[in-house]
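What's in work04.txt: compact mmCIF, C-alpha atoms and all ligand atoms
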```txt
# COMPACT_ATOMS: atom_id res chain seq x y z
CA MET A 1 139.59 95.47 120.21
CA GLN A 2 137.80 92.31 119.07
CA SER A 3 137.87 91.03 115.51
CA ALA A 4 135.10 89.63 113.34
CA GLU A 5 136.45 86.16 114.05
CA ASP A 6 136.20 86.77 117.82
CA ILE A 7 132.56 87.70 117.38
CA ARG A 8 131.75 84.64 115.30
CA SER A 9 133.31 82.44 117.98
CA GLN A 10 130.98 83.95 120.61
CA ILE A 11 127.69 82.64 119.28
CA THR A 12 127.53 80.33 122.28
CA GLY A 13 127.04 81.85 125.75
CA GLU A 14 124.20 82.41 128.18
CA LEU A 15 120.79 83.36 126.77
CA ALA A 16 118.53 85.64 128.81
CA ALA A 17 115.11 84.27 129.77
CA PHE A 18 112.06 85.93 128.19
CA ASP A 19 108.26 85.83 128.08
CA TYR A 20 107.06 86.96 124.67
CA THR A 21 103.55 87.22 123.21
CA PRO A 22 103.15 88.74 119.75
CA ARG A 23 100.28 91.19 120.29
CA THR A 24 99.96 93.10 117.06
CA ARG A 25 99.04 91.71 113.68
CA ILE A 26 101.23 93.44 111.11
CA VAL A 27 99.86 94.11 107.63
CA PHE A 28 102.66 95.44 105.44
CA GLY A 29 102.83 96.56 101.82
CA GLU A 30 102.14 99.32 99.33
CA ASP A 31 98.45 100.35 99.52
CA ALA A 32 97.93 98.22 102.66
CA VAL A 33 95.77 101.10 103.96
CA GLU A 34 93.08 100.08 101.45
CA ARG A 35 92.35 97.11 103.74
CA ILE A 36 91.58 99.28 106.78
CA GLY A 37 87.76 98.92 106.52
CA GLU A 38 87.88 95.17 106.09
CA LEU A 39 90.32 94.84 109.03
CA ALA A 40 88.11 96.99 111.29
CA ARG A 41 85.06 94.91 110.36
CA GLU A 42 86.98 91.71 111.08
CA LEU A 43 87.51 93.01 114.62
CA GLY A 44 83.72 93.20 115.00
CA ALA A 45 83.57 97.00 114.94
CA ARG A 46 80.63 99.11 113.75
CA ARG A 47 81.54 102.66 114.77
CA ALA A 48 85.13 103.83 114.27
CA LEU A 49 86.88 106.96 115.52
CA LEU A 50 89.90 108.04 113.46
CA VAL A 51 92.43 109.89 115.65
CA THR A 52 94.81 112.02 113.59
CA ASP A 53 96.23 115.51 113.02
CA LYS A 54 95.49 118.32 110.57
CA GLY A 55 98.61 117.58 108.50
CA ILE A 56 97.42 114.03 107.80
CA VAL A 57 94.00 115.40 106.83
CA ALA A 58 95.65 117.95 104.49
CA ALA A 59 97.78 115.19 102.91
CA GLY A 60 94.55 113.36 102.04
CA HIS A 61 95.39 110.23 104.04
CA ALA A 62 92.60 110.65 106.60
CA GLY A 63 89.89 111.21 103.96
CA ARG A 64 91.06 108.18 102.03
CA ALA A 65 91.04 105.98 105.15
CA CYS A 66 87.52 107.22 106.01
CA GLY A 67 86.38 106.25 102.51
CA PHE A 68 87.64 102.67 102.93
CA ILE A 69 86.09 102.43 106.42
CA ALA A 70 82.70 103.73 105.24
CA ALA A 71 82.80 101.41 102.22
CA ALA A 72 83.13 98.47 104.64
CA GLY A 73 79.82 99.54 106.22
CA LEU A 74 81.15 101.21 109.40
CA GLN A 75 80.15 104.56 110.81
CA ILE A 76 83.20 106.83 110.95
CA ASP A 77 83.97 109.93 113.02
CA VAL A 78 87.21 111.90 113.05
CA PHE A 79 89.20 113.60 115.82
CA ASP A 80 91.85 115.60 113.94
CA GLU A 81 93.19 117.80 116.73
CA VAL A 82 96.22 115.73 117.75
CA ARG A 83 99.21 117.89 118.75
CA GLU A 84 102.87 116.96 118.99
CA ASN A 85 103.79 115.51 122.42
CA PRO A 86 100.13 115.06 123.44
CA THR A 87 99.02 116.06 126.93
CA THR A 88 96.26 115.05 129.31
CA VAL A 89 94.08 117.83 127.84
CA ASP A 90 94.45 116.41 124.30
CA VAL A 91 93.47 112.96 125.56
CA ALA A 92 90.43 114.38 127.41
CA ARG A 93 89.15 116.04 124.21
CA CYS A 94 89.64 112.83 122.26
CA VAL A 95 87.70 110.87 124.93
CA GLU A 96 84.83 113.37 124.65
CA ILE A 97 84.58 112.83 120.87
CA ALA A 98 84.92 109.05 121.21
CA GLU A 99 82.08 108.98 123.76
CA ARG A 100 79.85 111.14 121.60
CA ALA A 101 80.53 108.87 118.60
CA GLU A 102 79.96 105.75 120.72
CA ALA A 103 83.11 104.38 119.09
CA ASP A 104 83.75 100.67 119.38
CA ILE A 105 87.14 100.82 117.61
CA LEU A 106 89.91 103.45 117.60
CA ILE A 107 92.20 104.11 114.68
CA GLY A 108 95.40 106.05 115.32
CA MET A 109 96.75 107.46 112.04
CA GLY A 110 99.85 109.66 111.85
CA GLY A 111 103.10 109.89 113.78
CA GLY A 112 103.71 108.72 117.34
CA SER A 113 101.54 111.53 118.73
CA SER A 114 98.36 110.31 116.96
CA MET A 115 98.95 106.74 118.11
CA ASP A 116 99.74 107.88 121.68
CA THR A 117 96.58 110.03 121.80
CA ALA A 118 94.46 107.10 120.56
CA LYS A 119 96.04 104.79 123.15
CA GLY A 120 95.63 107.35 125.95
CA CYS A 121 91.97 107.79 124.94
CA ASN A 122 91.51 104.02 125.04
CA PHE A 123 92.76 103.84 128.65
CA LEU A 124 90.29 106.47 129.91
CA LEU A 125 87.36 105.45 127.72
CA THR A 126 87.40 101.85 128.93
CA ASN A 127 88.94 102.04 132.41
CA GLY A 128 87.95 105.56 133.56
CA GLY A 129 90.01 107.82 135.84
CA GLU A 130 92.94 109.96 134.76
CA MET A 131 96.10 109.29 132.74
CA LYS A 132 98.29 109.37 135.85
CA ASP A 133 96.36 106.35 137.21
CA TYR A 134 97.98 104.30 134.43
CA TRP A 135 101.53 105.68 134.69
CA GLY A 136 103.70 102.58 134.95
CA VAL A 137 103.05 99.02 133.83
CA GLY A 138 99.80 97.02 133.71
CA LYS A 139 97.55 99.38 135.71
CA ALA A 140 94.37 98.92 133.60
CA SER A 141 92.02 96.17 134.79
CA LYS A 142 89.24 96.20 132.15
CA PRO A 143 89.53 95.20 128.49
CA MET A 144 90.11 98.01 126.00
CA LEU A 145 88.64 98.76 122.58
CA PRO A 146 90.49 97.32 119.61
CA LEU A 147 93.01 99.77 118.14
CA ILE A 148 94.33 99.88 114.59
CA ALA A 149 97.59 101.83 114.21
CA VAL A 150 98.51 103.38 110.87
CA PRO A 151 101.89 105.13 111.04
CA THR A 152 102.64 107.79 108.43
CA THR A 153 106.23 108.30 109.61
CA SER A 154 109.00 105.73 110.03
CA GLY A 155 110.15 106.48 113.53
CA THR A 156 108.53 105.83 116.89
CA GLY A 157 107.46 102.23 116.35
CA SER A 158 104.47 103.06 118.58
CA GLU A 159 102.34 100.87 116.28
CA CYS A 160 104.10 97.81 117.77
CA GLN A 161 104.24 98.94 121.41
CA SER A 162 101.85 98.81 124.35
CA ALA A 163 102.93 102.20 125.75
CA ALA A 164 101.04 105.49 125.59
CA LEU A 165 103.31 108.49 126.18
CA ILE A 166 101.19 111.33 127.52
CA ALA A 167 102.48 114.52 129.16
CA ASP A 168 100.81 116.12 132.16
CA GLU A 169 99.33 119.41 130.83
CA GLU A 170 100.54 121.38 133.85
CA THR A 171 103.89 119.86 134.85
CA HIS A 172 104.89 118.67 131.32
CA GLN A 173 106.06 115.46 132.96
CA LYS A 174 105.90 112.69 130.35
CA MET A 175 104.04 109.68 131.67
CA ALA A 176 104.77 106.29 130.08
CA CYS A 177 101.59 104.23 130.53
CA LEU A 178 102.27 100.64 129.54
CA ASP A 179 99.69 97.89 129.35
CA PRO A 180 99.55 94.89 127.03
CA LYS A 181 95.85 95.68 126.42
CA ALA A 182 96.81 99.07 124.96
CA ALA A 183 98.83 97.55 122.12
CA ALA A 184 97.30 97.91 118.66
CA ARG A 185 95.45 94.81 117.46
CA VAL A 186 96.55 95.59 113.92
CA ALA A 187 99.38 97.75 112.56
CA ILE A 188 98.96 98.76 108.94
CA LEU A 189 102.36 99.55 107.45
CA ASP A 190 101.81 101.24 104.10
CA PRO A 191 105.10 102.79 102.96
CA LEU A 192 103.28 105.01 100.44
CA LEU A 193 101.81 106.96 103.38
CA THR A 194 105.32 108.01 104.43
CA LEU A 195 106.00 109.83 101.14
CA SER A 196 104.10 112.89 102.38
CA GLN A 197 106.44 113.51 105.35
CA PRO A 198 108.29 116.84 105.30
CA ALA A 199 112.07 116.26 104.85
CA SER A 200 112.81 117.35 108.42
CA VAL A 201 110.33 114.79 109.79
CA THR A 202 111.84 112.02 107.64
CA ALA A 203 115.27 112.96 109.02
CA CYS A 204 114.35 113.19 112.71
CA THR A 205 112.05 110.17 112.83
CA GLY A 206 114.49 108.08 110.79
CA VAL A 207 117.40 108.85 113.12
CA ASP A 208 115.11 108.04 116.08
CA ALA A 209 114.28 104.62 114.59
CA LEU A 210 117.99 103.94 114.08
CA ALA A 211 118.62 104.91 117.71
CA HIS A 212 115.81 102.59 118.86
CA ALA A 213 117.52 99.70 117.08
CA LEU A 214 120.95 100.49 118.55
CA GLU A 215 119.74 101.18 122.11
CA SER A 216 117.38 98.20 122.36
CA ALA A 217 120.19 95.94 121.09
CA VAL A 218 122.29 96.43 124.21
CA THR A 219 120.01 97.16 127.19
CA ARG A 220 120.09 95.06 130.35
CA LYS A 221 116.69 93.67 129.35
CA ARG A 222 117.85 92.47 125.92
CA ASN A 223 117.00 88.85 125.16
CA PRO A 224 117.04 86.49 122.16
CA ILE A 225 113.70 87.88 120.85
CA SER A 226 114.60 91.55 121.14
CA ALA A 227 117.99 90.79 119.57
CA ILE A 228 116.33 89.50 116.39
CA TYR A 229 114.22 92.65 116.03
CA SER A 230 117.05 95.02 116.98
CA ARG A 231 119.46 93.49 114.49
CA GLU A 232 117.03 93.48 111.59
CA ALA A 233 115.76 96.96 112.49
CA PHE A 234 119.34 98.26 112.52
CA ARG A 235 120.19 96.62 109.19
CA LEU A 236 117.04 97.98 107.52
CA CYS A 237 117.31 101.50 108.96
CA PHE A 238 121.06 102.00 108.67
CA LEU A 239 121.22 100.92 105.03
CA SER A 240 118.00 102.65 103.92
CA LEU A 241 117.98 105.96 105.78
CA ALA A 242 120.73 107.44 103.63
CA ARG A 243 118.86 106.36 100.50
CA VAL A 244 115.61 107.90 101.73
CA LEU A 245 117.37 111.15 102.60
CA GLU A 246 118.99 111.36 99.17
CA SER A 247 115.94 110.15 97.20
CA PRO A 248 112.72 110.87 99.12
CA ARG A 249 110.58 109.23 96.41
CA ASP A 250 112.45 105.90 96.60
CA VAL A 251 109.54 103.66 97.64
CA GLU A 252 111.69 100.58 98.20
CA ALA A 253 113.92 102.46 100.65
CA ARG A 254 110.81 103.96 102.29
CA SER A 255 109.42 100.43 102.69
CA ARG A 256 112.58 99.26 104.41
CA MET A 257 112.51 102.25 106.78
CA GLN A 258 108.83 101.64 107.55
CA LEU A 259 109.50 98.01 108.42
CA GLY A 260 112.74 98.84 110.26
CA ALA A 261 110.95 101.38 112.49
CA ALA A 262 108.23 98.82 113.32
CA PHE A 263 110.82 96.13 114.12
CA ALA A 264 112.65 98.64 116.32
CA GLY A 265 109.33 99.23 118.12
CA LEU A 266 109.01 95.48 118.69
CA ALA A 267 112.60 95.44 119.99
CA ILE A 268 111.79 98.22 122.50
CA GLU A 269 108.63 96.38 123.58
CA ASN A 270 110.89 93.48 124.58
CA SER A 271 114.02 95.29 125.71
CA MET A 272 113.40 99.01 126.55
CA LEU A 273 115.84 101.84 125.72
CA GLY A 274 119.07 103.25 127.15
CA ALA A 275 121.22 106.27 127.92
CA ALA A 276 120.89 108.14 124.61
CA HIS A 277 117.16 108.50 125.29
CA SER A 278 117.85 109.47 128.92
CA ALA A 279 120.26 112.18 127.77
CA ALA A 280 117.88 113.36 125.04
CA ASN A 281 114.77 113.94 127.17
CA PRO A 282 116.14 116.92 129.19
CA LEU A 283 117.37 118.52 125.94
CA THR A 284 113.83 118.29 124.53
CA ALA A 285 112.23 119.51 127.77
CA HIS A 286 114.52 122.52 128.41
CA HIS A 287 115.99 123.44 125.03
CA GLY A 288 113.18 122.40 122.68
CA VAL A 289 115.44 120.01 120.75
CA VAL A 290 113.28 117.71 118.59
CA HIS A 291 113.35 114.13 119.96
CA GLY A 292 115.10 112.42 117.01
CA GLN A 293 117.68 115.21 116.78
CA ALA A 294 118.41 115.04 120.51
CA VAL A 295 118.73 111.26 120.55
CA GLY A 296 120.87 111.17 117.39
CA LEU A 297 123.23 113.82 118.75
CA MET A 298 123.86 111.92 122.00
CA LEU A 299 123.95 108.42 120.50
CA PRO A 300 127.56 108.23 119.16
CA GLY A 301 128.99 109.17 122.58
CA VAL A 302 126.74 106.60 124.27
CA ILE A 303 127.88 103.89 121.83
CA GLU A 304 131.52 104.67 122.64
CA PHE A 305 130.74 104.75 126.41
CA ASN A 306 128.87 101.41 126.37
CA GLY A 307 131.33 99.82 123.93
CA LEU A 308 134.01 99.79 126.63
CA LEU A 309 132.18 96.83 128.20
CA PRO A 310 133.53 93.75 126.36
CA GLU A 311 130.16 91.98 126.12
CA ILE A 312 128.55 95.12 124.69
CA GLU A 313 131.44 95.63 122.29
CA THR A 314 130.56 92.16 121.00
CA VAL A 315 126.94 93.13 120.37
CA TYR A 316 127.86 96.40 118.64
CA LEU A 317 130.47 94.64 116.53
CA ASP A 318 127.94 92.01 115.48
CA LEU A 319 125.62 94.83 114.32
CA ALA A 320 128.46 96.70 112.62
CA LEU A 321 129.52 93.62 110.65
CA HIS A 322 125.97 93.31 109.26
CA VAL A 323 126.36 96.65 107.48
CA GLY A 324 130.02 96.36 106.48
CA LEU A 325 131.56 98.26 109.41
CA ARG A 326 134.39 96.75 111.43
CA SER A 327 134.56 98.41 114.88
CA VAL A 328 132.55 100.19 117.58
CA HIS A 329 134.34 103.38 116.58
CA ASP A 330 133.18 102.85 112.96
CA LEU A 331 129.64 102.29 114.22
CA ALA A 332 129.64 105.56 116.21
CA ASN A 333 131.07 107.38 113.21
CA GLY A 334 128.46 105.71 110.98
CA VAL A 335 125.76 107.35 113.13
CA ARG A 336 127.61 110.69 112.90
CA ARG A 337 127.60 110.38 109.09
CA VAL A 338 123.86 109.68 109.05
CA LEU A 339 123.27 112.79 111.19
CA GLU A 340 125.26 114.86 108.72
CA LEU A 341 123.36 113.43 105.75
CA ALA A 342 120.10 114.15 107.56
CA GLY A 343 121.18 117.77 108.00
CA LEU A 344 120.95 117.40 111.79
CA ALA A 345 123.29 119.11 114.24
CA ALA A 346 126.12 117.06 115.76
CA LYS A 347 126.91 119.54 118.55
CA LEU A 348 124.95 120.81 121.53
CA SER A 349 126.28 124.33 121.01
CA SER A 350 123.78 124.61 118.12
CA PHE A 351 121.01 124.65 120.76
CA ASP A 352 122.10 127.21 123.30
CA VAL A 353 123.42 124.58 125.68
CA THR A 354 126.42 125.87 127.64
CA SER A 355 128.84 124.28 130.13
CA ASP A 356 127.00 126.03 132.98
CA GLY A 357 123.76 124.25 132.18
CA ILE A 358 125.27 120.77 132.01
CA PRO A 359 125.10 119.76 135.72
CA ALA A 360 121.31 120.30 135.81
CA LEU A 361 120.82 118.42 132.52
CA ALA A 362 123.02 115.57 133.76
CA ASP A 363 121.10 115.26 137.04
CA GLU A 364 117.84 115.04 135.15
CA ALA A 365 119.24 112.53 132.62
CA ALA A 366 120.39 110.21 135.41
CA LYS A 367 116.83 110.20 136.81
CA GLN A 368 115.20 109.15 133.51
CA TRP A 369 113.46 105.81 133.50
CA THR A 370 115.53 104.49 130.58
CA ALA A 371 118.88 105.13 132.32
CA GLN A 372 118.41 102.04 134.49
CA PHE A 373 118.27 99.82 131.40
CA ASN A 374 121.56 101.09 129.96
CA PRO A 375 124.00 98.17 129.88
CA ARG A 376 126.81 100.10 131.55
CA GLU A 377 126.08 101.69 134.92
CA ILE A 378 125.68 105.41 134.27
CA ASP A 379 125.35 108.29 136.76
CA ALA A 380 125.03 112.07 136.59
CA ALA A 381 128.84 112.51 136.38
CA ASP A 382 128.94 110.20 133.33
CA PHE A 383 126.06 112.08 131.69
CA ALA A 384 127.92 115.37 132.34
CA LYS A 385 130.95 113.95 130.49
CA LEU A 386 128.75 112.85 127.59
CA TYR A 387 127.19 116.33 127.35
CA GLU A 388 130.62 118.03 127.61
CA ALA A 389 131.95 115.85 124.81
CA ALA A 390 128.95 116.80 122.65
CA LEU A 391 129.19 120.58 123.25
ZN ZN A 401 113.05 107.60 120.49
```

For this file, produce the structure as C-alpha cells.
Amino acid sequence: MQSAEDIRSQITGELAAFDYTPRTRIVFGEDAVERIGELARELGARRALLVTDKGIVAAGHAGRACGFIAAAGLQIDVFDEVRENPTTVDVARCVEIAERAEADILIGMGGGSSMDTAKGCNFLLTNGGEMKDYWGVGKASKPMLPLIAVPTTSGTGSECQSAALIADEETHQKMACLDPKAAARVAILDPLLTLSQPASVTACTGVDALAHALESAVTRKRNPISAIYSREAFRLCFLSLARVLESPRDVEARSRMQLGAAFAGLAIENSMLGAAHSAANPLTAHHGVVHGQAVGLMLPGVIEFNGLLPEIETVYLDLALHVGLRSVHDLANGVRRVLELAGLAAKLSSFDVTSDGIPALADEAAKQWTAQFNPREIDAADFAKLYEAAL
C-alpha cells in the first residue's frame, strides 16, 4: 500500500492529451434563478418553452421562473409532463408543444429527466428525424436552439453535459445522444431550489453525484482537466452530503452539493464514467433499483477492484487525502458510510437479486458503454464477482 508521501512524490508523470472547450456559462448563487429572464433575453430569445415536471410546478419553482421570464418581456409556455427516465414518446410530446409555441429558447428545469427531455426536444426540433438518429456522438448537423438548464436536484450534472439520455419507448433501451451543440448555453445553479427535494431524492441524487466524481476521476479517458473537476467535485460532495442528509435546511451544505454535482458533470463531459455505472444499469432495468441507489451500492466494490492497479491506487489515495482518509480501503468504506447515512441499502439482497440471476446481470453489465472506460479491464466474470460480493 502506498503512503501519503508516495503520492506527493508522484506529481510528475505523463499527462494525457485533451481538447477542452468550456461550453456552458455557469451562474451560481442563492436566488440565481431570478436572473433567468435577463439571461434568456441576452441569448436573443423572444419565446421560451419551460420544460419541467408536475412536482416542480407544485413546489412553485416553475411559476416563479415564468414570472421572471415574462417580466423580461418574453412569451412563455410550459410543458410540465416530464416523466422519470424520459422516453421517445415524452420527447415527441415536448416537440409538439415547442412547435406550437414557436419557441426560440428551451429551459429545462428540474432533475436530470427535465434537462434530458429539453435536450432531446432540441435535437428533433432543430435537426428533425428520430432520437435514434442521434444515438452516439456528434450526429446533429444543424445548429440547435439555446438551452438554459436549471437543476433542482444535486445529482446528474446534466446541466454541464452535452448528452441527452432518452429511452426507446418500446425496447426501453437507453440511448445516449451526445453533441456539443446540445449542451446548455447557461446553467443556473440556485441552491435554494434544491431545498424542496424529498429526502429520498436528496439521498439518491447526492450519492450519484459522489459516484460521478469517483468514477470520472479514474477512467481511461481521464485527463488534467477532468482531474480538476473530479477532485473538487469529490471534495465538495463527500464533505457536504453527510451534512445535507443530517440537516436538510443547511443552505451552505446544499450550495456545496449543487456546485459539486455540476463539477462532477463537467468531469464526466471530459472523462466519461466506469464500472459502477455499468453494473448499476441492469439493476435499474430489471429490478427497478433507483439509479443513485444502484450506483452507490456497487461503487465500494468497484473502488476496491480498480484500486489494485497501482496507478489507480495513486489517484484514489490523492482523493482520499483531500478528505482526511488514508487508504483505498478507507475510501470504499467512506462511501459505505455515506450510503448508510443516506438510508440506502448496501446489499443486493434488499432488491430480490439472487445468485441465479447474476450471470445475466453480469453479461449485460459487461456490454454497457461505460465499461470500456473503466481503468481496469473488466469482463462479465469480474462483474459476476462484484455482484456476488454485494449480495
Ligand atoms: Zn449516475

Close residues to ligand ZN 401 (chain A) using all atoms listed in the file, limit 7 Å, as a PDB file with C-alpha atoms, in the coordinates of the input:
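File produced: result-v9.pdb:
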```
ATOM      1  CA  THR A 156     108.530 105.830 116.890  1.00  0.00           C
ATOM      2  CA  ASP A 208     115.110 108.040 116.080  1.00  0.00           C
ATOM      3  CA  ALA A 209     114.280 104.620 114.590  1.00  0.00           C
ATOM      4  CA  ALA A 211     118.620 104.910 117.710  1.00  0.00           C
ATOM      5  CA  HIS A 212     115.810 102.590 118.860  1.00  0.00           C
ATOM      6  CA  HIS A 277     117.160 108.500 125.290  1.00  0.00           C
ATOM      7  CA  HIS A 291     113.350 114.130 119.960  1.00  0.00           C
ATOM      8  CA  GLY A 292     115.100 112.420 117.010  1.00  0.00           C
ATOM      9  CA  VAL A 295     118.730 111.260 120.550  1.00  0.00           C
TER      10      VAL A 295
END
```

Next on the checklist: I'd like the contact shell of range 103-116 of chain A - 6 Å cut-off, all atoms listed in the file, skipping same-chain residues fewer than 3 positions apart - returned as a PyMOL selection string.
Outcome noted: chain A and resi 45+47-52+82+84-85+98+119-120+145-153+156+158+164-165

Next on the checklist: I need the residue nearest His172 in chain A from this list: A:Gly157, A:Gly324, A:Pro248, A:Pro282. Use only C-alpha atoms for the distance.
Outcome noted: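 Result for the nearest residue to His172 in chain A: A:Pro282.
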
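In this comparison, which uses all atoms listed in the file, the residue of A:Ile378, A:Val201, A:Leu339, A:Ile69 approaching Val302 in chain A most closely is A:Ile378.
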
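Using only C-alpha atoms, the nearest neighbour of Phe383 in chain A within the list A:Phe305, A:Arg243, A:Leu317, A:Met272 is A:Phe305.
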
Checklist outcome for this item: As a check of understanding: the span from CA of Leu297 in chain A to CA of Ser271 in chain A is 21.8 Å

Next on the checklist: Can you measure CA of Tyr229 in chain A to CA of Glu38 in chain A for me? One decimal in Å is fine.
Outcome noted: 28.3 Å

Checklist entry - Between A:Ala213, A:Cys121, A:Ala264, A:Leu325, which one has atoms that come closest to Pro86 in chain A, using all atoms listed in the file? => result A:Cys121

Checklist outcome for this item: A straight line from CA of Thr88 in chain A to CA of Leu124 in chain A spans 10.5 Å

Next on the checklist: With 12 Å as the threshold, what does the neighbourhood of (125.4, 120.6, 120.1) contain in terms of residues, counting only C-alpha atoms? Coordinates are those of the file; answer as a list in words.
Outcome noted: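 I get Ala280, Leu283, His287, Val289, Gln293, Ala294, Val295, Gly296, Leu297, Met298, Leu344, Ala345, Ala346, Lys347, Leu348, Ser349, Ser350, Phe351, Asp352, Val353, Thr354, Ser355, Ile358, Leu386, Tyr387, Glu388, Ala389, Ala390 and Leu391 of chain A for the residues within 12 Å of that point.
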
Can I get the selected residues back with C-alpha atoms, as a tab-separated table (two decimals), keeping the file's coordinate frame?
```
chain	number	residue	atom	x	y	z
A	280	ALA	CA	117.88	113.36	125.04
A	283	LEU	CA	117.37	118.52	125.94
A	287	HIS	CA	115.99	123.44	125.03
A	289	VAL	CA	115.44	120.01	120.75
A	293	GLN	CA	117.68	115.21	116.78
A	294	ALA	CA	118.41	115.04	120.51
A	295	VAL	CA	118.73	111.26	120.55
A	296	GLY	CA	120.87	111.17	117.39
A	297	LEU	CA	123.23	113.82	118.75
A	298	MET	CA	123.86	111.92	122.00
A	344	LEU	CA	120.95	117.40	111.79
A	345	ALA	CA	123.29	119.11	114.24
A	346	ALA	CA	126.12	117.06	115.76
A	347	LYS	CA	126.91	119.54	118.55
A	348	LEU	CA	124.95	120.81	121.53
A	349	SER	CA	126.28	124.33	121.01
A	350	SER	CA	123.78	124.61	118.12
A	351	PHE	CA	121.01	124.65	120.76
A	352	ASP	CA	122.10	127.21	123.30
A	353	VAL	CA	123.42	124.58	125.68
A	354	THR	CA	126.42	125.87	127.64
A	355	SER	CA	128.84	124.28	130.13
A	358	ILE	CA	125.27	120.77	132.01
A	386	LEU	CA	128.75	112.85	127.59
A	387	TYR	CA	127.19	116.33	127.35
A	388	GLU	CA	130.62	118.03	127.61
A	389	ALA	CA	131.95	115.85	124.81
A	390	ALA	CA	128.95	116.80	122.65
A	391	LEU	CA	129.19	120.58	123.25
```
